[in-house]
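Novice: Contents of work_6.tsv (TSV, C-alpha atoms and all ligand atoms):
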chain	number	residue	atom	x	y	z
R	427	MET	CA	1.30	24.71	-16.56
R	428	ARG	CA	-0.98	23.53	-19.31
R	429	LEU	CA	-1.11	19.74	-19.26
R	430	VAL	CA	-2.87	16.82	-20.85
R	431	ILE	CA	-2.83	13.42	-19.16
R	432	LEU	CA	-3.00	10.39	-21.43
R	433	GLY	CA	-3.03	6.66	-20.84
R	434	PRO	CA	-5.17	3.55	-21.09
R	435	PRO	CA	-8.36	3.13	-19.03
R	436	GLY	CA	-7.67	2.22	-15.40
R	437	VAL	CA	-4.07	3.46	-15.32
R	438	GLY	CA	-4.90	6.15	-12.74
R	439	LYS	CA	-5.21	9.32	-14.82
R	440	GLY	CA	-8.08	10.69	-12.71
R	441	THR	CA	-6.35	9.88	-9.40
R	442	GLN	CA	-3.11	11.54	-10.49
R	443	ALA	CA	-4.91	14.51	-12.06
R	444	VAL	CA	-6.57	15.26	-8.69
R	445	ARG	CA	-3.16	15.16	-6.95
R	446	ILE	CA	-1.51	17.38	-9.56
R	447	VAL	CA	-4.37	19.86	-9.26
R	448	GLU	CA	-3.99	19.95	-5.46
R	449	ARG	CA	-0.21	20.46	-5.71
R	450	LEU	CA	-0.06	22.96	-8.56
R	451	GLY	CA	-3.42	24.70	-8.18
R	452	LEU	CA	-4.49	24.00	-11.75
R	453	CYS	CA	-8.00	23.82	-13.13
R	454	HIS	CA	-9.06	20.17	-13.62
R	455	LEU	CA	-11.07	19.33	-16.69
R	456	SER	CA	-12.29	15.74	-17.03
R	457	THR	CA	-14.40	15.10	-20.11
R	458	GLY	CA	-15.54	11.74	-18.65
R	459	GLU	CA	-16.75	13.53	-15.48
R	460	ALA	CA	-18.45	16.27	-17.52
R	461	LEU	CA	-20.26	13.60	-19.56
R	462	ARG	CA	-21.32	11.66	-16.43
R	463	ASP	CA	-22.62	14.96	-14.97
R	464	ALA	CA	-24.63	15.57	-18.16
R	465	ILE	CA	-26.12	12.06	-17.84
R	466	ARG	CA	-26.97	12.57	-14.15
R	467	SER	CA	-28.69	15.89	-14.86
R	468	ASP	CA	-30.79	14.08	-17.52
R	469	GLY	CA	-30.34	16.73	-20.24
R	470	ALA	CA	-31.26	16.47	-23.93
R	471	ASN	CA	-28.72	13.80	-25.01
R	472	ALA	CA	-28.55	11.94	-21.69
R	473	LYS	CA	-29.93	8.60	-22.95
R	474	ASP	CA	-27.65	8.41	-26.01
R	475	LEU	CA	-24.65	9.49	-23.97
R	476	LYS	CA	-25.31	6.84	-21.33
R	477	ALA	CA	-25.61	4.09	-23.97
R	478	CYS	CA	-22.31	5.23	-25.50
R	479	LEU	CA	-20.41	5.42	-22.20
R	480	ASP	CA	-21.81	2.15	-20.84
R	481	ALA	CA	-20.68	0.34	-23.99
R	482	GLY	CA	-17.15	1.76	-23.64
R	483	GLN	CA	-17.33	3.73	-26.88
R	484	LEU	CA	-16.24	7.29	-27.55
R	485	VAL	CA	-18.80	10.07	-27.88
R	486	PRO	CA	-18.56	12.23	-31.03
R	487	ASP	CA	-15.58	14.62	-31.21
R	488	GLU	CA	-17.81	17.73	-31.62
R	489	LEU	CA	-19.56	17.00	-28.35
R	490	VAL	CA	-16.44	16.78	-26.19
R	491	ALA	CA	-14.85	19.66	-28.09
R	492	THR	CA	-17.70	21.90	-26.90
R	493	ILE	CA	-17.01	20.96	-23.26
R	494	ILE	CA	-13.35	21.91	-23.66
R	495	VAL	CA	-13.90	25.13	-25.60
R	496	ASP	CA	-16.45	26.36	-23.04
R	497	ARG	CA	-14.21	25.67	-20.05
R	498	LEU	CA	-10.71	26.56	-21.28
R	499	ASP	CA	-11.61	30.18	-21.78
R	500	GLU	CA	-12.94	30.64	-18.22
R	501	PRO	CA	-10.80	32.77	-15.86
R	502	ASP	CA	-9.73	29.93	-13.49
R	503	CYS	CA	-8.40	27.89	-16.45
R	504	ARG	CA	-6.40	30.75	-17.88
R	505	ARG	CA	-3.88	30.34	-15.03
R	506	GLY	CA	-3.23	26.72	-16.03
R	507	TYR	CA	-5.10	23.45	-16.42
R	508	ILE	CA	-4.91	19.71	-16.70
R	509	LEU	CA	-7.07	17.94	-19.27
R	510	ASP	CA	-7.99	14.45	-18.09
R	511	GLY	CA	-9.47	12.18	-20.77
R	512	PHE	CA	-9.05	14.71	-23.58
R	513	PRO	CA	-7.81	14.47	-26.29
R	514	ARG	CA	-8.61	10.86	-27.14
R	515	THR	CA	-8.49	10.99	-30.96
R	516	MET	CA	-6.16	12.61	-33.49
R	517	SER	CA	-8.84	15.06	-34.55
R	518	GLN	CA	-9.36	16.11	-30.89
R	519	ALA	CA	-5.59	16.62	-30.54
R	520	GLU	CA	-5.51	18.78	-33.67
R	521	MET	CA	-8.52	20.76	-32.48
R	522	LEU	CA	-6.84	21.33	-29.10
R	523	GLU	CA	-3.65	22.48	-30.77
R	524	GLY	CA	-5.62	25.04	-32.79
R	525	LEU	CA	-7.50	26.18	-29.69
R	526	THR	CA	-4.41	26.62	-27.47
R	527	ARG	CA	-2.70	28.47	-30.30
R	528	SER	CA	-5.65	30.84	-30.62
R	529	LEU	CA	-5.60	31.41	-26.82
R	530	GLY	CA	-1.90	32.26	-27.16
R	531	ASN	CA	-0.44	29.41	-25.08
R	532	GLY	CA	0.56	25.93	-26.26
R	533	LEU	CA	0.63	22.85	-24.00
R	534	SER	CA	3.51	22.62	-21.49
R	535	ALA	CA	3.54	18.80	-21.46
R	536	ALA	CA	1.60	15.68	-22.37
R	537	LEU	CA	1.88	13.19	-19.50
R	538	PHE	CA	1.59	9.62	-20.67
R	539	ILE	CA	1.03	7.03	-17.92
R	540	ASP	CA	1.24	3.44	-19.13
R	541	ALA	CA	0.78	-0.06	-17.71
R	542	PRO	CA	0.13	-3.51	-19.23
R	543	ASP	CA	-3.44	-4.76	-19.75
R	544	ASP	CA	-3.35	-7.27	-16.86
R	545	VAL	CA	-2.50	-4.47	-14.38
R	546	LEU	CA	-5.28	-2.26	-15.82
R	547	ILE	CA	-7.89	-5.02	-15.62
R	548	GLU	CA	-6.97	-5.77	-11.98
R	549	ARG	CA	-7.23	-2.07	-11.07
R	550	ILE	CA	-10.54	-1.53	-12.83
R	551	GLY	CA	-11.99	-4.68	-11.24
R	552	GLY	CA	-11.43	-3.29	-7.73
R	553	ARG	CA	-12.45	0.27	-8.47
R	554	GLY	CA	-15.19	2.18	-6.68
R	555	THR	CA	-16.19	5.65	-7.87
R	556	CYS	CA	-17.95	8.40	-5.97
R	557	PRO	CA	-21.17	9.36	-7.79
R	558	GLU	CA	-21.01	12.87	-6.23
R	559	CYS	CA	-17.45	14.09	-6.84
R	560	GLY	CA	-16.09	11.49	-9.29
R	561	ARG	CA	-13.11	10.43	-7.14
R	562	SER	CA	-11.88	6.89	-7.72
R	563	TYR	CA	-10.76	4.42	-5.06
R	564	HIS	CA	-9.43	0.88	-5.16
R	565	HIS	CA	-10.24	-1.53	-2.35
R	566	VAL	CA	-6.56	-2.63	-2.14
R	567	PHE	CA	-4.36	0.03	-3.80
R	568	ALA	CA	-6.18	3.24	-2.82
R	569	PRO	CA	-8.81	2.37	-0.19
R	570	PRO	CA	-11.12	5.02	1.26
R	571	ALA	CA	-10.77	5.74	5.01
R	572	SER	CA	-14.18	4.19	5.62
R	573	VAL	CA	-15.10	1.07	3.58
R	574	GLY	CA	-17.34	1.84	0.58
R	575	LYS	CA	-17.58	5.58	1.31
R	576	CYS	CA	-16.01	8.60	-0.35
R	577	ASP	CA	-13.45	10.40	1.87
R	578	VAL	CA	-14.62	13.80	0.62
R	579	ASP	CA	-18.41	13.67	0.80
R	580	GLY	CA	-19.25	10.30	2.41
R	581	ALA	CA	-21.33	9.16	-0.59
R	582	ALA	CA	-21.61	5.38	-1.18
R	583	LEU	CA	-19.04	4.33	-3.81
R	584	GLU	CA	-20.36	2.75	-7.01
R	585	HIS	CA	-19.01	0.41	-9.65
R	586	ARG	CA	-19.17	2.25	-13.00
R	587	ALA	CA	-21.18	0.43	-15.69
R	588	ASP	CA	-18.25	0.88	-18.08
R	589	ASP	CA	-15.98	-0.87	-15.57
R	590	GLU	CA	-17.79	-4.17	-16.31
R	591	PRO	CA	-15.51	-6.65	-18.16
R	592	GLU	CA	-17.14	-6.39	-21.60
R	593	ALA	CA	-17.04	-2.57	-21.61
R	594	VAL	CA	-13.44	-2.64	-20.34
R	595	ARG	CA	-12.40	-4.87	-23.27
R	596	GLU	CA	-14.04	-2.39	-25.67
R	597	ARG	CA	-12.38	0.60	-23.96
R	598	LEU	CA	-8.96	-1.06	-24.28
R	599	ARG	CA	-9.61	-1.80	-27.95
R	600	VAL	CA	-10.78	1.78	-28.64
R	601	TYR	CA	-7.78	3.15	-26.74
R	602	ALA	CA	-5.29	1.13	-28.84
R	603	GLU	CA	-6.99	2.12	-32.09
R	604	ARG	CA	-7.92	5.78	-31.52
R	605	THR	CA	-5.84	7.17	-28.63
R	606	ALA	CA	-2.46	5.41	-28.77
R	607	PRO	CA	-1.51	7.28	-32.00
R	608	LEU	CA	-1.48	10.53	-29.97
R	609	LEU	CA	1.81	9.46	-28.38
R	610	GLY	CA	3.60	9.95	-31.71
R	611	PHE	CA	1.80	13.27	-32.16
R	612	TYR	CA	3.06	14.67	-28.82
R	613	ARG	CA	6.49	13.04	-29.12
R	614	SER	CA	6.99	14.85	-32.44
R	615	ARG	CA	6.20	18.13	-30.64
R	616	ASP	CA	8.77	17.29	-27.97
R	617	ILE	CA	6.35	17.55	-25.03
R	618	LEU	CA	5.71	13.86	-24.25
R	619	VAL	CA	6.58	12.90	-20.65
R	620	GLU	CA	6.40	9.12	-20.13
R	621	ILE	CA	5.50	7.73	-16.70
R	622	ASP	CA	5.63	4.13	-15.46
R	623	GLY	CA	2.07	3.45	-14.28
R	624	THR	CA	2.81	0.06	-12.66
R	625	ALA	CA	4.13	1.66	-9.44
R	626	ASP	CA	1.88	2.56	-6.49
R	627	VAL	CA	-0.15	5.79	-6.38
R	628	ASP	CA	2.37	7.79	-4.27
R	629	ALA	CA	5.37	6.63	-6.33
R	630	ILE	CA	3.63	7.62	-9.57
R	631	GLU	CA	2.85	11.03	-8.08
R	632	ARG	CA	6.55	11.55	-7.19
R	633	GLN	CA	7.63	10.40	-10.64
R	634	ILE	CA	5.27	12.92	-12.25
R	635	ALA	CA	6.48	15.78	-10.03
R	636	ASP	CA	10.15	15.00	-10.79
R	637	ARG	CA	9.63	14.55	-14.51
R	638	LEU	CA	7.56	17.74	-14.84
R	639	GLU	CA	10.21	19.71	-13.01
R	640	ALA	CA	12.95	18.33	-15.29
R	641	HIS	CA	10.79	18.99	-18.35
R	642	ALA	CA	10.19	22.62	-17.35
R	643	ARG	CA	13.95	23.31	-17.05
S	701	LIG	P1	-13.15	8.49	-18.48
S	701	LIG	O1	-13.86	8.95	-17.26
S	701	LIG	O2	-12.07	9.43	-18.92
S	701	LIG	O3	-12.69	7.05	-18.38
S	701	LIG	O4	-14.24	8.53	-19.67
S	701	LIG	C1	-15.40	7.72	-19.63
S	701	LIG	C2	-16.08	7.68	-20.99
S	701	LIG	O5	-16.49	9.00	-21.38
S	701	LIG	C3	-15.23	7.17	-22.14
S	701	LIG	O6	-15.17	5.75	-22.21
S	701	LIG	C4	-16.00	7.77	-23.33
S	701	LIG	O7	-17.21	7.05	-23.56
S	701	LIG	C5	-16.39	9.14	-22.81
S	701	LIG	N1	-15.34	10.15	-23.09
S	701	LIG	C6	-14.57	10.80	-22.16
S	701	LIG	N2	-13.70	11.64	-22.76
S	701	LIG	C7	-13.91	11.51	-24.09
S	701	LIG	C8	-13.31	12.08	-25.25
S	701	LIG	N3	-12.29	12.97	-25.14
S	701	LIG	N4	-13.78	11.73	-26.47
S	701	LIG	C9	-14.81	10.86	-26.59
S	701	LIG	N5	-15.40	10.25	-25.55
S	701	LIG	C10	-14.97	10.57	-24.30
Please, can you express the file's structure as structure tokens?
Specialist:
Amino acid sequence: MRLVILGPPGVGKGTQAVRIVERLGLCHLSTGEALRDAIRSDGANAKDLKACLDAGQLVPDELVATIIVDRLDEPDCRRGYILDGFPRTMSQAEMLEGLTRSLGNGLSAALFIDAPDDVLIERIGGRGTCPECGRSYHHVFAPPASVGKCDVDGAALEHRADDEPEAVRERLRVYAERTAPLLGFYRSRDILVEIDGTADVDAIERQIADRLEAHAR
């Protein structure tokens, strides 16, 4: 399976990507996580990247393209992968199409999870993210076993700077302008799988499993 997972900020792409990876044994590639790692390790562009992410804006296409090109060709990804947060612009989608073609395998499906803005804003408002492993929790919808701590590594959960209301408004605006057009792109290639993101986490996971199975037939 070679998958991309698309949808507005806060719809649960990261949460579902982790579950799909656990079920299907795919390689998980999150460009947002890779960028946050780069910021944490304080590399060359860390300051500019942080300013960009905190403001809810997209980083330049070339930069995220490098992350994808480097990883997709590694042995664990050759068996199958899920791209979480990539592509986010038409030019990234075209670049990915060229890359998968050159690797000899096109995408199996583009999962599109959607929910209205009021649902997204409520979810983002209650979100806590693990600074160590990047897992997301929600204090009502997906609470950790121990309050404020990551189930996997016990790290104290944090509120992401780009989950603040002003950055969220910008992320929703950028999504509508730059990312939403990708739905038409993948629909025209007959690989778009649409998922109702208003359900709870387990129900969305079941929906994805069923729809992927039907799509593969
Ligand atoms: P995410 O963790 O997917 O919500 O991504 C967090 C932030 O990382 C986004 O708001 C962007 O600033 C940046 N980012 C992640 N993926 C991309 C991408 N494919 N293109 C440009 N910027 C990205």
Novice: Which residues come within 9 Å of Gln483 (chain R), counting all atoms listed in the file, excluding same-chain residues fewer than 5 positions away, as number ranges by chain?
Specialist: R: 477-478, 593, 596-597, 600
Novice: Using 6 Å as the limit and counting all atoms listed in the file, can you tabulate each residue of chain R that touches ligand LIG 701 (chain S), with its shortest atom-to-atom distance in Å and the two atoms involved, as JSON lines?
Specialist:
{"residue": "R:Pro435", "atom": "CA", "partner": "S:LIG701", "partner_atom": "O3", "distance": 5.9}
{"residue": "R:Thr457", "atom": "CA", "partner": "S:LIG701", "partner_atom": "N2", "distance": 4.4}
{"residue": "R:Gly458", "atom": "CA", "partner": "S:LIG701", "partner_atom": "O1", "distance": 3.5}
{"residue": "R:Glu459", "atom": "CA", "partner": "S:LIG701", "partner_atom": "O1", "distance": 5.7}
{"residue": "R:Cys478", "atom": "CA", "partner": "S:LIG701", "partner_atom": "O7", "distance": 5.8}
{"residue": "R:Leu479", "atom": "CA", "partner": "S:LIG701", "partner_atom": "O7", "distance": 3.8}
{"residue": "R:Gly482", "atom": "CA", "partner": "S:LIG701", "partner_atom": "O6", "distance": 4.7}
{"residue": "R:Gln483", "atom": "CA", "partner": "S:LIG701", "partner_atom": "O7", "distance": 4.7}
{"residue": "R:Leu484", "atom": "CA", "partner": "S:LIG701", "partner_atom": "N5", "distance": 3.7}
{"residue": "R:Val485", "atom": "CA", "partner": "S:LIG701", "partner_atom": "N5", "distance": 4.1}
{"residue": "R:Pro486", "atom": "CA", "partner": "S:LIG701", "partner_atom": "C9", "distance": 6.0}
{"residue": "R:Asp487", "atom": "CA", "partner": "S:LIG701", "partner_atom": "N4", "distance": 5.8}
{"residue": "R:Val490", "atom": "CA", "partner": "S:LIG701", "partner_atom": "N4", "distance": 5.7}
{"residue": "R:Gly511", "atom": "CA", "partner": "S:LIG701", "partner_atom": "O2", "distance": 4.2}
{"residue": "R:Phe512", "atom": "CA", "partner": "S:LIG701", "partner_atom": "N3", "distance": 4.0}
{"residue": "R:Pro513", "atom": "CA", "partner": "S:LIG701", "partner_atom": "N3", "distance": 4.9}
{"residue": "R:Arg514", "atom": "CA", "partner": "S:LIG701", "partner_atom": "N3", "distance": 4.7}
Novice: For a test of reading the model, state the distance in Å between CA of Gly610 (chain R) and CA of Ala519 (chain R), rounded to one decimal.
Specialist: 11.4 Å
Novice: Give as a PyMOL selection string the set of residues within 12 Å of the point (-10.7, -0.1, -24.7), where distances use the file's coordinates and all atoms listed in the file.
Specialist: chain R and resi 433-436+479-484+514+543+546-547+550+588-606
Novice: Would you please work out which residue, of R:Gly574, R:Val619, R:Gly560, R:Gly530, is nearest to Ala642 (chain R) when using only C-alpha atoms?
Specialist: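 When distances to Ala642 (chain R) are compared using only C-alpha atoms, the smallest one comes from R:Val619.
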Novice: Give as a count of residues only the set of residues within 12 Å of the point (2.4, 12.5, -26.5), where distances use the file's coordinates and all atoms listed in the file.
Specialist: 35
Novice: One decimal, in Å: what's the spacing between CA of Val566 (chain R) and CA of Gly623 (chain R)?
Specialist: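 CA of Val566 (chain R) sits 16.1 Å away from CA of Gly623 (chain R).
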Novice: Val573 (chain R): which residues within 10 Å, counting all atoms listed in the file, same-chain residues fewer than 4 positions away excluded, as a list in words?
Specialist: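 These residues fall inside the cut-off: His565, Pro569, Asp577, Ala582 and Leu583 of chain R.
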Novice: Can you measure CA of Thr555 (chain R) to CA of Ala581 (chain R) for me? One decimal in Å is fine.
Specialist: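 The value is 9.6 Å.
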Novice: Can you tell me, as a PyMOL selection string, what residues are no more than 10 Å from region 496-505 of chain R when counting all atoms listed in the file, ignoring any on the same chain fewer than 2 positions away?
Specialist: chain R and resi 427-428+451-455+491-494+507-509+525-526+529+531
Novice: Out of R:Asp474, R:Asp468, R:Glu448, R:Phe567, which residue has the shortest atom-to-atom distance to Asp628 (chain R) when counting all atoms listed in the file?
Specialist: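 Between R:Asp474, R:Asp468, R:Glu448, R:Phe567, the residue approaching Asp628 (chain R) most closely is R:Phe567.
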Novice: Measuring atom to atom with only C-alpha atoms, identify which of R:Ile634, R:Ala587, R:Val447, R:Leu489 is nearest to Ala464 (chain R).
Specialist: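 Smallest distance to Ala464 (chain R) is found for R:Leu489.
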Novice: Restricting the calculation to only C-alpha atoms: of R:Ala460, R:Glu488, R:Glu548, R:Ala629, which residue gets closest to Ser517 (chain R)?
Specialist: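 So, comparing all the options, the nearest one is R:Glu488.
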Novice: Give me the residues near Ile465 (chain R) as a CSV table (one decimal) with C-alpha atoms, in the frame of the given file, where near means some atom within 7 Å (using only C-alpha atoms) and where sequence neighbours in that chain fewer than 6 positions away do not count.
Specialist:
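Saved file out.csv follows:
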chain,number,residue,atom,x,y,z
R,472,ALA,CA,-28.6,11.9,-21.7
R,475,LEU,CA,-24.6,9.5,-24.0
R,476,LYS,CA,-25.3,6.8,-21.3
Novice: Compare R:Asp510, R:Cys576, R:Gly524, R:Ala571 by their minimum atom-to-atom distance to Gly438 (chain R), counting only C-alpha atoms, and give me the closest one.
Specialist: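 Closest residue, counting only C-alpha atoms: R:Asp510.
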Novice: From the options R:Gln518, R:Gly580, R:Lys473, R:His585, which residue's atoms come nearest to Arg553 (chain R), counting only C-alpha atoms?
Specialist: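 The shortest atom-to-atom distance to Arg553 (chain R) comes from R:His585.
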Novice: Could you write region 528-544 of chain R as a PDB file, in the frame of the given file, with N, CA, C and O atoms rebuilt where they are missing?
Specialist:
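Written out: selection34.pdb:
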ATOM      1  N   SER R 528      -4.830  29.623 -30.521  1.00  0.00           N
ATOM      2  CA  SER R 528      -5.650  30.840 -30.620  1.00  0.00           C
ATOM      3  C   SER R 528      -5.749  31.547 -29.256  1.00  0.00           C
ATOM      4  O   SER R 528      -5.957  32.757 -29.200  1.00  0.00           O
ATOM      5  N   LEU R 529      -5.590  30.782 -28.153  1.00  0.00           N
ATOM      6  CA  LEU R 529      -5.600  31.410 -26.820  1.00  0.00           C
ATOM      7  C   LEU R 529      -4.213  31.961 -26.465  1.00  0.00           C
ATOM      8  O   LEU R 529      -4.028  32.573 -25.418  1.00  0.00           O
ATOM      9  N   GLY R 530      -3.238  31.681 -27.325  1.00  0.00           N
ATOM     10  CA  GLY R 530      -1.900  32.260 -27.160  1.00  0.00           C
ATOM     11  C   GLY R 530      -0.935  31.459 -26.317  1.00  0.00           C
ATOM     12  O   GLY R 530       0.166  31.908 -26.035  1.00  0.00           O
ATOM     13  N   ASN R 531      -1.319  30.220 -25.917  1.00  0.00           N
ATOM     14  CA  ASN R 531      -0.440  29.410 -25.080  1.00  0.00           C
ATOM     15  C   ASN R 531      -0.539  27.941 -25.453  1.00  0.00           C
ATOM     16  O   ASN R 531      -1.593  27.342 -25.267  1.00  0.00           O
ATOM     17  N   GLY R 532       0.574  27.355 -25.931  1.00  0.00           N
ATOM     18  CA  GLY R 532       0.560  25.930 -26.260  1.00  0.00           C
ATOM     19  C   GLY R 532       0.634  25.091 -24.993  1.00  0.00           C
ATOM     20  O   GLY R 532       0.781  25.610 -23.891  1.00  0.00           O
ATOM     21  N   LEU R 533       0.527  23.748 -25.151  1.00  0.00           N
ATOM     22  CA  LEU R 533       0.630  22.850 -24.000  1.00  0.00           C
ATOM     23  C   LEU R 533       2.050  22.841 -23.448  1.00  0.00           C
ATOM     24  O   LEU R 533       3.014  22.923 -24.216  1.00  0.00           O
ATOM     25  N   SER R 534       2.175  22.725 -22.113  1.00  0.00           N
ATOM     26  CA  SER R 534       3.510  22.620 -21.490  1.00  0.00           C
ATOM     27  C   SER R 534       4.021  21.183 -21.615  1.00  0.00           C
ATOM     28  O   SER R 534       5.203  20.953 -21.838  1.00  0.00           O
ATOM     29  N   ALA R 535       3.131  20.204 -21.405  1.00  0.00           N
ATOM     30  CA  ALA R 535       3.540  18.800 -21.460  1.00  0.00           C
ATOM     31  C   ALA R 535       2.337  17.900 -21.656  1.00  0.00           C
ATOM     32  O   ALA R 535       1.220  18.254 -21.281  1.00  0.00           O
ATOM     33  N   ALA R 536       2.609  16.730 -22.271  1.00  0.00           N
ATOM     34  CA  ALA R 536       1.600  15.680 -22.370  1.00  0.00           C
ATOM     35  C   ALA R 536       2.111  14.514 -21.529  1.00  0.00           C
ATOM     36  O   ALA R 536       3.103  13.878 -21.891  1.00  0.00           O
ATOM     37  N   LEU R 537       1.468  14.291 -20.386  1.00  0.00           N
ATOM     38  CA  LEU R 537       1.880  13.190 -19.500  1.00  0.00           C
ATOM     39  C   LEU R 537       1.279  11.911 -20.019  1.00  0.00           C
ATOM     40  O   LEU R 537       0.054  11.842 -20.216  1.00  0.00           O
ATOM     41  N   PHE R 538       2.109  10.896 -20.190  1.00  0.00           N
ATOM     42  CA  PHE R 538       1.590   9.620 -20.670  1.00  0.00           C
ATOM     43  C   PHE R 538       1.911   8.554 -19.615  1.00  0.00           C
ATOM     44  O   PHE R 538       3.070   8.210 -19.387  1.00  0.00           O
ATOM     45  N   ILE R 539       0.852   8.079 -18.935  1.00  0.00           N
ATOM     46  CA  ILE R 539       1.030   7.030 -17.920  1.00  0.00           C
ATOM     47  C   ILE R 539       0.653   5.702 -18.575  1.00  0.00           C
ATOM     48  O   ILE R 539      -0.431   5.590 -19.154  1.00  0.00           O
ATOM     49  N   ASP R 540       1.545   4.708 -18.460  1.00  0.00           N
ATOM     50  CA  ASP R 540       1.240   3.440 -19.130  1.00  0.00           C
ATOM     51  C   ASP R 540       1.412   2.250 -18.179  1.00  0.00           C
ATOM     52  O   ASP R 540       2.179   2.322 -17.214  1.00  0.00           O
ATOM     53  N   ALA R 541       0.652   1.202 -18.450  1.00  0.00           N
ATOM     54  CA  ALA R 541       0.780  -0.060 -17.710  1.00  0.00           C
ATOM     55  C   ALA R 541       0.198  -1.164 -18.593  1.00  0.00           C
ATOM     56  O   ALA R 541      -0.656  -0.891 -19.441  1.00  0.00           O
ATOM     57  N   PRO R 542       0.665  -2.415 -18.414  1.00  0.00           N
ATOM     58  CA  PRO R 542       0.130  -3.510 -19.230  1.00  0.00           C
ATOM     59  C   PRO R 542      -1.333  -3.823 -18.918  1.00  0.00           C
ATOM     60  O   PRO R 542      -1.814  -3.522 -17.811  1.00  0.00           O
ATOM     61  N   ASP R 543      -1.998  -4.480 -19.880  1.00  0.00           N
ATOM     62  CA  ASP R 543      -3.440  -4.760 -19.750  1.00  0.00           C
ATOM     63  C   ASP R 543      -3.793  -5.515 -18.466  1.00  0.00           C
ATOM     64  O   ASP R 543      -4.813  -5.217 -17.843  1.00  0.00           O
ATOM     65  N   ASP R 544      -2.959  -6.494 -18.052  1.00  0.00           N
ATOM     66  CA  ASP R 544      -3.350  -7.270 -16.860  1.00  0.00           C
ATOM     67  C   ASP R 544      -3.399  -6.384 -15.612  1.00  0.00           C
ATOM     68  O   ASP R 544      -4.274  -6.544 -14.754  1.00  0.00           O
TER      69      ASP R 544
END
